[in-house]
Amino acid sequence: MAQPIAPESLQHHLTARERLESTTLLPGFQHLPGYFDAAQQAELLRQVGQVIEQAPFYRPAMPRSGKLLSVEMTNAGELGWVTDKDGGYRYQPTHPVTGAPWPAIPDMLIKLWRELAGYPHPPEACLINLYRSSSKLGSHVDADEEETRAPVISVSLGDDAVFHLGGLKRSDPKIRFVLHSGDVVVLGGEARLAYHGVDRIHPGTSPLVPGGGRINLTLRRVSRAEP
Ligand SMILES: O=C(O)CCC(=O)C(=O)O
Ligand SMILES: [Mn+2]
């Protein structure tokens, strides 16, 4: 298992400007490169494939404008994160297209949560994002969860992605770095409500995802439970 890279040790990969900006990195952010090796990534993708068979990807829409996201989504867990024109951002227990309950969160992800979350209750939602070559995800805060004492933990599979992390205000400076297949990102502590997003994918950098692209798995605790 890879050791956590402290934000400071990322600094020699950065330009002077980025080094200056990275001083704003919030405590509680972790990038764990290569957390899953190639065999584990293949097994995780197999488990995610079983979820997708029962809960196929669909194309969500932005609240109000109804503009389609460039990312396809599905979920596992008791709750899934969805968005559409009329209902907006929310969690719900069923797939918006099939009406079926979401499948269970794959075992490997429950284990990952136990290893890293430092939070005594299990995740309720695993959002599964599919990025094809021109997909991106604009800067946002994961703010639809009642429980923000639990971290958000995400896993990258497939093509490389340029990820950005900012601060608590949209206007705060951002640091950018590449997430590779098998990397894990933790947004916890003061970084739990930090702005972040995916600027672009580097197509063809991994053979893992059938048809090409990147799958990101995001584990979240939604409801507040007693400690
Ligand atoms: O794809 C990623 O690395 C980030 C995904 C994300 O931030 C989200 O789904 O809220
Ligand atoms: Mn997010």
# chains A, B, ... in the order shown; residues from 1 in each chain; ligands from 1
call {"tool": "residues_around", "arguments": {"residues": "range 165-182 of chain A", "least_positions_apart": "2", "cutoff": "6 Å", "atoms": "only C-alpha atoms", "output": "ChimeraX atom specification"}}
result
/A:21-22,34-36,156-158,160-163,194-196
call {"tool": "residues_near_ligand", "arguments": {"ligand": "ligand 2", "cutoff": "9 Å", "atoms": "only C-alpha atoms and all ligand atoms", "output": "JSON, numbers by chain"}}
result
{"A": [137, 139, 140, 141, 142, 143, 152, 154, 195, 196, 197, 198, 218]}
call {"tool": "select_by_dssp", "arguments": {"residues": "range 133-193 of chain A", "states": "strand (DSSP E or B)", "output": "list in words"}}
result
Leu137, Gly138, Ser139, His140, Val152, Ile153, Ser154, Val155, Ser156, Leu157, Gly158, Asp160, Ala161, Val162, Phe163, His164, Leu165, Ile175, Arg176, Phe177, Val178, Leu179, Val184, Val185, Val186 and Leu187 of chain A
call {"tool": "select_by_dssp", "arguments": {"residues": "range 7-149 of chain A", "states": "helix (DSSP H, G or I)", "output": "MDAnalysis selection string"}}
result
chainID A and resid 7:13 16:22 38:54 107:116
call {"tool": "write_last_selection", "arguments": {"atoms": "C-alpha atoms", "output": "short mmCIF file (atom, residue, chain, number, x, y, z; two decimals), in the first residue's frame"}}
result
data_model
loop_
_atom_site.label_atom_id
_atom_site.label_comp_id
_atom_site.auth_asym_id
_atom_site.auth_seq_id
_atom_site.Cartn_x
_atom_site.Cartn_y
_atom_site.Cartn_z
CA PRO A 7 1.02 18.04 0.23
CA GLU A 8 4.48 19.54 0.89
CA SER A 9 6.21 16.61 -0.84
CA LEU A 10 4.22 17.27 -4.03
CA GLN A 11 5.80 20.68 -4.24
CA HIS A 12 8.91 19.85 -6.24
CA HIS A 13 6.65 18.87 -9.17
CA ALA A 16 6.84 28.56 -8.77
CA ARG A 17 3.34 29.95 -9.15
CA GLU A 18 1.73 26.64 -8.26
CA ARG A 19 4.07 26.28 -5.28
CA LEU A 20 2.86 29.62 -4.00
CA GLU A 21 -0.75 28.59 -4.55
CA SER A 22 -0.29 25.24 -2.85
CA ALA A 38 -2.99 -3.16 -11.22
CA ALA A 39 -4.53 -6.45 -10.00
CA GLN A 40 -6.62 -4.64 -7.39
CA GLN A 41 -7.78 -2.10 -9.98
CA ALA A 42 -8.92 -4.93 -12.26
CA GLU A 43 -10.80 -6.58 -9.40
CA LEU A 44 -12.39 -3.28 -8.37
CA LEU A 45 -13.47 -2.65 -11.97
CA ARG A 46 -14.99 -6.16 -12.04
CA GLN A 47 -16.99 -5.39 -8.88
CA VAL A 48 -18.07 -2.02 -10.32
CA GLY A 49 -19.09 -3.83 -13.55
CA GLN A 50 -21.57 -5.90 -11.54
CA VAL A 51 -23.08 -2.69 -10.14
CA ILE A 52 -23.37 -1.19 -13.63
CA GLU A 53 -25.17 -4.29 -14.92
CA GLN A 54 -27.95 -3.65 -12.42
CA ASP A 107 -16.66 -4.86 -0.76
CA MET A 108 -13.31 -3.37 -1.77
CA LEU A 109 -14.73 0.12 -1.30
CA ILE A 110 -16.18 -0.68 2.12
CA LYS A 111 -12.71 -1.92 3.10
CA LEU A 112 -11.13 1.28 1.73
CA TRP A 113 -13.54 3.38 3.81
CA ARG A 114 -12.64 1.40 6.95
CA GLU A 115 -8.95 1.93 6.25
CA LEU A 116 -9.09 5.66 5.61
#
call {"tool": "residues_around", "arguments": {"residues": "Arg214 in chain A", "least_positions_apart": "2", "cutoff": "7 Å", "atoms": "only C-alpha atoms", "output": "list in words"}}
result
Leu130, Tyr131, Arg132, Leu157, Gly158, Asp159, Val209 and Asn216 of chain A
call {"tool": "residues_around", "arguments": {"residues": "range 62-67 of chain A", "least_positions_apart": "5", "cutoff": "6 Å", "atoms": "only C-alpha atoms", "output": "list in words"}}
result
Asp84, Lys85 and Gly88 of chain A
call {"tool": "write_last_selection", "arguments": {"atoms": "N, CA and C atoms", "output": "PDB file, in the first residue's frame"}}
result
ATOM      1  N   ASP A  84     -31.402  16.491 -11.708  1.00  0.00           N
ATOM      2  CA  ASP A  84     -32.157  16.698 -12.942  1.00  0.00           C
ATOM      3  C   ASP A  84     -32.736  18.113 -12.928  1.00  0.00           C
ATOM      4  N   LYS A  85     -33.368  18.472 -14.054  1.00  0.00           N
ATOM      5  CA  LYS A  85     -33.831  19.850 -14.264  1.00  0.00           C
ATOM      6  C   LYS A  85     -34.776  20.301 -13.139  1.00  0.00           C
ATOM      7  N   GLY A  88     -33.282  19.019  -9.030  1.00  0.00           N
ATOM      8  CA  GLY A  88     -31.992  19.525  -8.554  1.00  0.00           C
ATOM      9  C   GLY A  88     -31.125  18.450  -7.919  1.00  0.00           C
TER      10      GLY A  88
END
call {"tool": "closest_residue", "arguments": {"among": "A:Pro227, A:Pro123, A:Gly189, A:Gly138", "to": "ligand 1", "atoms": "only C-alpha atoms and all ligand atoms"}}
result
A:Gly138
call {"tool": "atom_distance", "arguments": {"atom1": "CA of Gly204 in chain A", "atom2": "CA of Cys126 in chain A"}}
result
25.4 Å
call {"tool": "closest_residue", "arguments": {"among": "A:Gln92, A:Thr148, A:Thr98, A:Thr74", "to": "ligand 1", "atoms": "only C-alpha atoms and all ligand atoms"}}
result
A:Thr74
call {"tool": "closest_residue", "arguments": {"among": "A:Leu187, A:Ala125, A:Val97, A:Met73", "to": "Phe29 in chain A", "atoms": "only C-alpha atoms"}}
result
A:Leu187
call {"tool": "closest_residue", "arguments": {"among": "A:Pro27, A:Pro96, A:Gly80, A:Pro207", "to": "Glu145 in chain A", "atoms": "only C-alpha atoms"}}
result
A:Gly80
call {"tool": "closest_residue", "arguments": {"among": "A:Gly28, A:Pro60, A:Pro33, A:Pro203", "to": "Tyr89 in chain A", "atoms": "only C-alpha atoms"}}
result
A:Pro60
call {"tool": "residues_around", "arguments": {"residues": "Ala225 in chain A", "least_positions_apart": "4", "cutoff": "10 Å", "atoms": "only C-alpha atoms", "output": "VMD selection string"}}
result
chain A and resid 120 to 121 146 to 147 221
